[in-house]
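Coordinates as given in query19.pdb (PDB, C-alpha atoms):
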MODEL        1
ATOM      1  CA  MET A1224      97.119 122.781  83.807
ATOM      2  CA  GLU A1225     100.921 122.952  83.904
ATOM      3  CA  PRO A1226     102.892 120.129  82.226
ATOM      4  CA  ALA A1227     104.798 119.478  85.469
ATOM      5  CA  THR A1228     101.512 119.073  87.355
ATOM      6  CA  ILE A1229     100.194 116.660  84.741
ATOM      7  CA  ALA A1230     103.437 114.672  84.893
ATOM      8  CA  SER A1231     103.170 114.546  88.675
ATOM      9  CA  ILE A1232      99.545 113.330  88.522
ATOM     10  CA  ALA A1233     100.444 110.660  85.946
ATOM     11  CA  SER A1234     103.348 109.453  88.065
ATOM     12  CA  ALA A1235     101.299 109.417  91.280
ATOM     13  CA  ALA A1236      98.436 107.578  89.573
ATOM     14  CA  VAL A1237     100.736 104.824  88.287
ATOM     15  CA  GLY A1238     102.341 104.558  91.732
ATOM     16  CA  ALA A1239      98.932 104.273  93.384
ATOM     17  CA  LEU A1240      97.884 101.499  91.015
ATOM     18  CA  VAL A1241     100.845  99.185  91.613
ATOM     19  CA  PRO A1242      99.594  97.924  95.012
ATOM     20  CA  LEU A1243      96.080  97.508  93.630
ATOM     21  CA  LEU A1244      97.136  95.333  90.698
ATOM     22  CA  SER A1245      99.923  93.431  92.472
ATOM     23  CA  LYS A1246      99.282  90.150  94.193
ATOM     24  CA  GLY A1247      99.356  92.102  97.439
ATOM     25  CA  ALA A1248      96.044  93.815  96.668
ATOM     26  CA  GLU A1249      94.313  91.462  99.078
ATOM     27  CA  LYS A1250      96.553  92.842 101.824
ATOM     28  CA  LEU A1251      95.112  96.320 101.269
ATOM     29  CA  VAL A1252      91.718  95.000 102.324
ATOM     30  CA  GLU A1253      93.058  92.620 104.988
ATOM     31  CA  LYS A1254      94.886  95.417 106.777
ATOM     32  CA  GLY A1255      91.700  97.398 107.223
ATOM     33  CA  THR A1256      92.482  99.771 104.397
ATOM     34  CA  GLU A1257      89.398  99.064 102.355
ATOM     35  CA  GLU A1258      89.154 102.812 101.686
ATOM     36  CA  ALA A1259      92.593 102.709 100.039
ATOM     37  CA  TYR A1260      91.499  99.764  97.906
ATOM     38  CA  THR A1261      88.286 101.545  96.861
ATOM     39  CA  LYS A1262      90.075 104.800  95.958
ATOM     40  CA  ARG A1263      92.708 102.933  93.957
ATOM     41  CA  ALA A1264      89.941 101.073  92.109
ATOM     42  CA  GLU A1265      88.360 104.436  91.231
ATOM     43  CA  ILE A1266      91.725 105.689  89.952
ATOM     44  CA  TRP A1267      92.142 102.499  87.885
ATOM     45  CA  ASN A1268      88.699 102.978  86.315
ATOM     46  CA  LYS A1269      89.500 106.617  85.434
ATOM     47  CA  VAL A1270      92.826 105.616  83.877
ATOM     48  CA  LYS A1271      91.274 102.739  81.907
ATOM     49  CA  GLY A1272      88.557 105.077  80.662
ATOM     50  CA  LEU A1273      91.164 107.326  79.011
ATOM     51  CA  PHE A1274      92.435 104.582  76.707
ATOM     52  CA  ALA A1275      90.679 103.751  73.435
ATOM     53  CA  GLU A1276      89.760 100.095  72.932
ATOM     54  CA  ASP A1277      92.335  99.706  70.166
ATOM     55  CA  ASP A1278      95.104 101.265  72.258
ATOM     56  CA  LEU A1279      95.164  99.027  75.324
ATOM     57  CA  THR A1280      98.542  97.334  74.847
ATOM     58  CA  THR A1281     100.466  99.296  77.485
ATOM     59  CA  LEU A1282      97.531  99.206  79.881
ATOM     60  CA  ASN A1283      97.225  95.427  79.547
ATOM     61  CA  LEU A1284     100.970  94.939  80.000
ATOM     62  CA  PHE A1285     100.845  97.059  83.157
ATOM     63  CA  GLU A1286      97.827  95.170  84.462
ATOM     64  CA  ASN A1287      99.612  91.833  83.953
ATOM     65  CA  ASP A1288     102.923  92.976  85.491
ATOM     66  CA  PRO A1289     102.390  96.152  87.531
ATOM     67  CA  GLU A1290     105.786  95.957  89.214
ATOM     68  CA  ASN A1291     107.715  96.095  85.910
ATOM     69  CA  ALA A1292     109.526  99.470  85.913
ATOM     70  CA  ALA A1293     109.681  99.690  82.112
ATOM     71  CA  THR A1294     105.932  99.161  81.767
ATOM     72  CA  GLN A1295     105.285 101.704  84.521
ATOM     73  CA  GLY A1296     107.381 104.231  82.593
ATOM     74  CA  GLU A1297     105.497 103.565  79.354
ATOM     75  CA  LEU A1298     102.159 103.942  81.114
ATOM     76  CA  ARG A1299     103.287 107.188  82.766
ATOM     77  CA  GLY A1300     104.266 108.574  79.358
ATOM     78  CA  GLU A1301     101.014 107.615  77.663
ATOM     79  CA  LEU A1302      98.987 108.797  80.631
ATOM     80  CA  LYS A1303     100.744 112.169  80.532
ATOM     81  CA  HIS A1304      99.669 112.703  76.923
ATOM     82  CA  LEU A1305      96.115 111.577  77.635
ATOM     83  CA  LEU A1306      95.834 113.862  80.671
ATOM     84  CA  LYS A1307      97.087 116.848  78.655
ATOM     85  CA  ALA A1308      94.229 116.213  76.227
ATOM     86  CA  ASN A1309      91.732 115.671  79.085
ATOM     87  CA  PRO A1310      92.477 118.249  81.815
ATOM     88  CA  GLU A1311      89.139 117.623  83.540
ATOM     89  CA  ILE A1312      90.095 113.962  84.070
ATOM     90  CA  ALA A1313      93.515 115.109  85.302
ATOM     91  CA  GLU A1314      91.789 117.239  87.944
ATOM     92  CA  GLN A1315      89.530 114.350  88.952
ATOM     93  CA  LEU A1316      92.531 112.024  89.268
ATOM     94  CA  ASP A1317      94.356 114.641  91.321
ATOM     95  CA  GLU A1318      91.404 114.831  93.726
ATOM     96  CA  LEU A1319      91.230 111.029  94.025
ATOM     97  CA  LEU A1320      94.959 110.848  94.708
ATOM     98  CA  LYS A1321      94.608 113.446  97.467
ATOM     99  CA  GLN A1322      91.863 111.317  99.053
ATOM    100  CA  LEU A1323      94.056 108.221  99.340
ATOM    101  CA  PRO A1324      94.668 107.436 103.002
ATOM    102  CA  LYS A1325      98.200 108.089 104.127
ATOM    103  CA  GLU A1326     100.260 104.941 104.396
ATOM    104  CA  ASN A1327     101.913 104.168 107.698
ATOM    105  CA  ALA A1328     105.429 104.078 106.388
ATOM    106  CA  LYS A1329     108.312 103.583 108.717
ATOM    107  CA  ASN A1330     111.975 103.733 108.053
ATOM    108  CA  ASN A1331     114.241 102.023 110.530
ATOM    109  CA  THR A1332     117.995 102.210 110.467
ATOM    110  CA  LEU A1333     120.071 100.088 112.747
ATOM    111  CA  TYR A1334     123.827 100.489 113.059
ATOM    112  CA  ILE A1335     125.646  97.624 114.744
ATOM    113  CA  LYS A1336     129.324  97.332 115.608
ATOM    114  CA  GLY A1337     130.979  94.394 117.216
ATOM    115  CA  ASN A1338     130.380  90.676 117.285
ATOM    116  CA  ASN A1339     127.703  88.452 118.791
ATOM    117  CA  ILE A1340     125.135  91.230 119.086
ATOM    118  CA  ASN A1341     121.415  90.514 118.938
ATOM    119  CA  ALA A1342     119.125  93.232 117.637
ATOM    120  CA  PHE A1343     115.339  93.091 117.252
ATOM    121  CA  GLN A1344     112.976  95.217 115.189
ATOM    122  CA  ASP A1345     109.455  94.994 113.841
ATOM    123  CA  ILE A1346     110.015  93.960 110.222
ATOM    124  CA  SER A1347     106.615  92.618 109.203
ATOM    125  CA  ASP A1348     105.662  93.547 105.615
ATOM    126  CA  SER A1349     109.075  95.152 105.103
ATOM    127  CA  LYS A1350     111.686  95.143 102.408
ATOM    128  CA  ILE A1351     115.052  94.465 103.985
ATOM    129  CA  THR A1352     118.371  95.561 102.530
ATOM    130  CA  ILE A1353     121.572  94.441 104.220
ATOM    131  CA  LYS A1354     124.762  96.295 103.384
ATOM    132  CA  LYS A1355     128.165  95.182 104.537
TER     133      LYS A1355
ENDMDL
END
For this file, write the structure as structure tokens.
Amino acid sequence: MEPATIASIASAAVGALVPLLSKGAEKLVEKGTEEAYTKRAEIWNKVKGLFAEDDLTTLNLFENDPENAATQGELRGELKHLLKANPEIAEQLDELLKQLPKENAKNNTLYIKGNNINAFQDISDSKITIKK
């Protein structure tokens, strides 16, 4: 398997695990995406299975703070090396990642000029950035 493919799988796996391990994991099930929760749990079990018992530091740090970018980067790096040594697991992870249901992402941009203008959008479960 190509190094770029392994790097892509490692990156996608870490990205798929963040919602599972974050406090928002309950929302995955609440929103009727139990399949997404189940697939992410399978990915988590595959990833955990790659680490030796005496080499769990990065994995534990990630599990305790999955949204920490530095820890995500460390896990991606370690996972890349482990997947190079275990190409069959890399292929299994790739298949699991392909089976994740597509997220309903939406990107709304609203340009407003003038004063005293009211604008309404659906912003539930959104991250809002306001630039002036």
Exercise for the section: Could you check how far CA of Ser1234 in chain A sits from CA of Gln1295 in chain A, in Å to one decimal? Expected result: 8.7 Å
Problem - From A:Ser1231, A:Gln1315, A:Thr1281, A:Asn1309, residue lying nearest Glu1297 in chain A [only C-alpha atoms] - result: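 Nearest to Glu1297 in chain A: A:Thr1281.
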Handout entry: For CA of Phe1285 in chain A and CA of Glu1301 in chain A, the interatomic separation in Å (one decimal)
Key = 11.9 Å
For the PyMOL selection byres ((chain A and resi 1294) around 12), applied here, can you spell out every residue it catches as a PDB file with C-alpha atoms, in the coordinates of the input?
ATOM      1  CA  VAL A1237     100.736 104.824  88.287  1.00  0.00           C
ATOM      2  CA  GLY A1238     102.341 104.558  91.732  1.00  0.00           C
ATOM      3  CA  VAL A1241     100.845  99.185  91.613  1.00  0.00           C
ATOM      4  CA  THR A1280      98.542  97.334  74.847  1.00  0.00           C
ATOM      5  CA  THR A1281     100.466  99.296  77.485  1.00  0.00           C
ATOM      6  CA  LEU A1282      97.531  99.206  79.881  1.00  0.00           C
ATOM      7  CA  ASN A1283      97.225  95.427  79.547  1.00  0.00           C
ATOM      8  CA  LEU A1284     100.970  94.939  80.000  1.00  0.00           C
ATOM      9  CA  PHE A1285     100.845  97.059  83.157  1.00  0.00           C
ATOM     10  CA  GLU A1286      97.827  95.170  84.462  1.00  0.00           C
ATOM     11  CA  ASN A1287      99.612  91.833  83.953  1.00  0.00           C
ATOM     12  CA  ASP A1288     102.923  92.976  85.491  1.00  0.00           C
ATOM     13  CA  PRO A1289     102.390  96.152  87.531  1.00  0.00           C
ATOM     14  CA  GLU A1290     105.786  95.957  89.214  1.00  0.00           C
ATOM     15  CA  ASN A1291     107.715  96.095  85.910  1.00  0.00           C
ATOM     16  CA  ALA A1292     109.526  99.470  85.913  1.00  0.00           C
ATOM     17  CA  ALA A1293     109.681  99.690  82.112  1.00  0.00           C
ATOM     18  CA  GLN A1295     105.285 101.704  84.521  1.00  0.00           C
ATOM     19  CA  GLY A1296     107.381 104.231  82.593  1.00  0.00           C
ATOM     20  CA  GLU A1297     105.497 103.565  79.354  1.00  0.00           C
ATOM     21  CA  LEU A1298     102.159 103.942  81.114  1.00  0.00           C
ATOM     22  CA  ARG A1299     103.287 107.188  82.766  1.00  0.00           C
ATOM     23  CA  GLY A1300     104.266 108.574  79.358  1.00  0.00           C
ATOM     24  CA  GLU A1301     101.014 107.615  77.663  1.00  0.00           C
ATOM     25  CA  LEU A1302      98.987 108.797  80.631  1.00  0.00           C
TER      26      LEU A1302
END
Exercise for the section: Give me, please, the distance in Å between CA of Glu1257 in chain A and CA of Ile1312 in chain A, quoted to one decimal. Expected result: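 Atom-to-atom, CA of Glu1257 in chain A to CA of Ile1312 in chain A, that is 23.6 Å.
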Long-range neighbours of Lys1321 in chain A as a PDB file with C-alpha atoms, keeping the file's coordinate frame, 12 Å cut-off, all atoms listed in the file, 6 positions minimum in chain:
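The resulting file, result_32.pdb, is shown below:
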ATOM      1  CA  ILE A1232      99.545 113.330  88.522  1.00  0.00           C
ATOM      2  CA  ALA A1235     101.299 109.417  91.280  1.00  0.00           C
ATOM      3  CA  ALA A1236      98.436 107.578  89.573  1.00  0.00           C
ATOM      4  CA  ALA A1239      98.932 104.273  93.384  1.00  0.00           C
ATOM      5  CA  ALA A1259      92.593 102.709 100.039  1.00  0.00           C
ATOM      6  CA  LYS A1262      90.075 104.800  95.958  1.00  0.00           C
ATOM      7  CA  ARG A1263      92.708 102.933  93.957  1.00  0.00           C
ATOM      8  CA  ILE A1266      91.725 105.689  89.952  1.00  0.00           C
ATOM      9  CA  GLU A1314      91.789 117.239  87.944  1.00  0.00           C
ATOM     10  CA  GLN A1315      89.530 114.350  88.952  1.00  0.00           C
TER      11      GLN A1315
END
Exercise for the section: Find the residues around His1304 in chain A up to 10 Å (all atoms listed in the file counted), leave out those fewer than 6 positions away in its own chain, and share them as a list in words. Expected result: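 Non-adjacent residues within range: Pro1226, Ile1229, Ala1230 and Ala1233 of chain A.
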Exercise for the section: Tell me which of A:Leu1316, A:Ala1275, A:Met1224, A:Leu1243 sits closest to Tyr1260 in chain A, counting all atoms listed in the file. Expected result: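 Among the listed residues, A:Leu1243 lies closest to Tyr1260 in chain A.
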Handout entry: Pick from A:Phe1274, A:Glu1265, A:Gly1337, A:Leu1279, whichever lies nearest to Leu1306 in chain A using all atoms listed in the file
Key = A:Phe1274
Problem - Top pick for closest residue to Lys1271 in chain A, considering A:Leu1240, A:Ala1308, A:Lys1336, A:Glu1318 and counting all atoms listed in the file - result: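 With all atoms listed in the file as the atom set, the closest residue is A:Leu1240.
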As lines of an AutoDock Vina configuration file, what would the box around range 1285-1295 of chain A look like: edges along x, y and z, 4 Å added on every side, centre and edge lengths in Å to one decimal?
center_x = 103.8
center_y = 96.8
center_z = 85.5
size_x = 19.9
size_y = 17.9
size_z = 15.4
